[in-house]
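Peer 1: Below is the structure I would like to discuss, written out as structure tokens.
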There are 2 protein chains.
Amino acid sequence: MSEQFEETYNQWNEFVHTQNAEILPEILSDEVKFHSPFVWKPKDKPETVLILKMVTKVFEDFRYTRKIFDDNLCALEFEARIGKITLQGVDIIEFGESGKIVDFKVMIRPANGLQALGEKMNELLAAKNLMQ
Amino acid sequence: MSEQFEETYNQWNEFVHTQNAEILPEILSDEVKFHSPFVWKPKDKPETVLILKMVTKVFEDFRYTRKIFDDNLCALEFEARIGKITLQGVDIIEFGESGKIVDFKVMIRPANGLQALGEKMNELLAAKNLMQ
């Protein structure tokens, strides 16, 4: 991984460990595209911040397992739990010339893990809308 | 990528382009574990060969988009079509000391792409069982 992306990558890991959401707007490019496991259409920066904040509340025992780096790209494989269901996924993160994250893609397996994540995310989104 | 894995990687690409299934038993370790996008439990070598043969019949316009290599691991992102549904996925391939593939993990997005793939695979498996 090039040095210019290393700081962003380290800050991402700090977010993963501390869940300090103030980090996110700093490391995401204003033009970031977030590709969720659920729908085709990419999300913009405010939506991405919201989703990443929510997802850290949904995943239990989240940990990265295998990591693959190549220039301005990395694939970070993870394992996590939602209740009794264990799931695996991958974050494919692309860094732009500014060093910030310009593309963030998430895929999840197996199917019951994807479903459990979808249900939890919908619950949280519904609760959030009720509070507004 | 280390040189010892390059031949296996090249043969994998030959399979992708030619769909010559005779290549598969050569490049898969006898102890290979295949992690499908659908179920947690890994598949063994005979099941893996069957699934990889079937999947090449289901995907239309399959092409790798971004590739990330790191020592004995690679993450190959792809895009494909099933009827009117476009999907993306990733093959995370791990090479063993013999140079052969020891671990093959597939994840798919978005959810309607995963569903379309599942339906097509079930159709093919049902047809195969009827023929036996």
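Here's how to read the names in the structure tokens: chain A, B, ... by the order shown, residue numbers from 1 in each chain, ligand numbers from 1 in the order shown.
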Quick check: residues of chain A within 6 Å of chain B, only C-alpha atoms, returned as a PyMOL selection string.
Peer 2: chain A and resi 37-40+68+70+107+109-111
Peer 1: Just C-alpha atoms for this one: save the residues we selected as a PDB file, in the first residue's frame.
Peer 2:
```
ATOM      1  CA  PRO A  37     -24.548  -5.598  -0.265  1.00  0.00           C
ATOM      2  CA  PHE A  38     -28.283  -5.025  -0.745  1.00  0.00           C
ATOM      3  CA  VAL A  39     -28.941  -2.615  -3.614  1.00  0.00           C
ATOM      4  CA  TRP A  40     -27.205  -1.731  -6.850  1.00  0.00           C
ATOM      5  CA  ILE A  68      -5.028  -8.011   0.669  1.00  0.00           C
ATOM      6  CA  ASP A  70      -2.382  -3.589  -3.810  1.00  0.00           C
ATOM      7  CA  MET A 107     -20.294  -8.019   0.151  1.00  0.00           C
ATOM      8  CA  ARG A 109     -22.023 -14.278   2.895  1.00  0.00           C
ATOM      9  CA  PRO A 110     -23.786 -16.591   3.550  1.00  0.00           C
ATOM     10  CA  ALA A 111     -27.377 -15.752   2.554  1.00  0.00           C
TER      11      ALA A 111
END
```
Peer 1: Which residues are near Glu31 (chain B)? Cut-off 9 Å, only C-alpha atoms, ignore same chain within fewer than 6 positions. Put them as JSON, numbers by chain.
Peer 2: {"B": [44, 45, 101, 102, 103]}
Peer 1: For CA of Glu60 (chain A) and CA of Ala80 (chain A), determine how far apart the two atoms are, in Å to one decimal place.
Peer 2: 5.8 Å
Peer 1: Which residues come within 12 Å of Met54 (chain A), counting only C-alpha atoms, excluding same-chain residues fewer than 2 positions away, as a ChimeraX atom specification?
Peer 2: /A:16,19-21,47-52,56-59,117-118,120-125,127-128
Peer 1: Go through A:Asp61, A:Glu79, A:Lys100, A:Asn129 one by one, measure the shortest atom-to-atom distance of each to Gln11 (chain A) using only C-alpha atoms, and give the residue with the smallest value.
Peer 2: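 Counting only C-alpha atoms, the residue closest to Gln11 (chain A) is A:Lys100.
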Peer 1: Please give the complete set of residues from chain B that DSSP, run on the backbone, assigns to helix (DSSP H, G or I), formatted as a PyMOL selection string.
Peer 2: chain B and resi 3-18+21-27+45-58+111-131
Peer 1: Just want the 7 Å neighbourhood of region 3-6 of chain B, counted on only C-alpha atoms, with same-chain residues fewer than 3 positions away dropped. Output as a list in words.
Peer 2: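 So the residues in contact are Tyr9, Asn10, Phe95 and Gly99 of chain B.
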Peer 1: Restricting the output to all heavy atoms, write the selected residues as a short mmCIF file (atom, residue, chain, number, x, y, z; two decimals), in the first residue's frame.
Peer 2:
```
data_model
loop_
_atom_site.label_atom_id
_atom_site.label_comp_id
_atom_site.auth_asym_id
_atom_site.auth_seq_id
_atom_site.Cartn_x
_atom_site.Cartn_y
_atom_site.Cartn_z
N TYR B 9 -2.84 -19.57 -11.36
CA TYR B 9 -3.67 -18.40 -11.66
C TYR B 9 -3.94 -18.30 -13.16
O TYR B 9 -5.08 -18.04 -13.58
CB TYR B 9 -2.99 -17.13 -11.14
CG TYR B 9 -3.70 -15.87 -11.53
CD1 TYR B 9 -4.90 -15.51 -10.93
CD2 TYR B 9 -3.18 -15.04 -12.52
CE1 TYR B 9 -5.56 -14.36 -11.32
CE2 TYR B 9 -3.83 -13.89 -12.90
CZ TYR B 9 -5.02 -13.55 -12.30
OH TYR B 9 -5.69 -12.41 -12.68
N ASN B 10 -2.92 -18.54 -13.98
CA ASN B 10 -3.10 -18.47 -15.44
C ASN B 10 -4.05 -19.57 -15.93
O ASN B 10 -4.88 -19.34 -16.80
CB ASN B 10 -1.75 -18.60 -16.15
CG ASN B 10 -0.90 -17.36 -15.94
OD1 ASN B 10 -1.42 -16.29 -15.63
ND2 ASN B 10 0.41 -17.50 -16.11
N PHE B 95 -3.80 -19.77 -2.44
CA PHE B 95 -2.96 -20.82 -3.00
C PHE B 95 -2.16 -21.48 -1.89
O PHE B 95 -1.63 -20.80 -1.00
CB PHE B 95 -2.01 -20.24 -4.05
CG PHE B 95 -2.73 -19.50 -5.17
CD1 PHE B 95 -2.97 -18.14 -5.09
CD2 PHE B 95 -3.17 -20.19 -6.29
CE1 PHE B 95 -3.64 -17.47 -6.11
CE2 PHE B 95 -3.84 -19.53 -7.31
CZ PHE B 95 -4.08 -18.16 -7.22
N GLY B 99 1.11 -24.82 -4.70
CA GLY B 99 0.76 -23.93 -5.80
C GLY B 99 -0.70 -24.05 -6.20
O GLY B 99 -1.22 -23.22 -6.92
#
```
Peer 1: Can you list, as a ChimeraX atom specification, every residue of region 29-132 of chain B that DSSP puts in strand (DSSP E or B)?
Peer 2: /B:29-35,43,60-70,73-82,85-95,101-109
Peer 1: Near Trp12 (chain A), counting only C-alpha atoms, which residues have an atom at most 8 Å away, once you skip same-chain residues fewer than 6 positions from it, shown as a PyMOL selection string?
Peer 2: chain A and resi 23-24+27
Peer 1: Quick one, how far is CA of Ile93 (chain A) from CA of Thr65 (chain A)?
Peer 2: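 Distance between the two atoms: 15.4 Å.
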Peer 1: With only C-alpha atoms as the basis for distance, which of B:Ser98, B:Ala116, B:Ile82, B:Tyr64 is at the shortest distance from Glu26 (chain B)?
Peer 2: B:Ser98
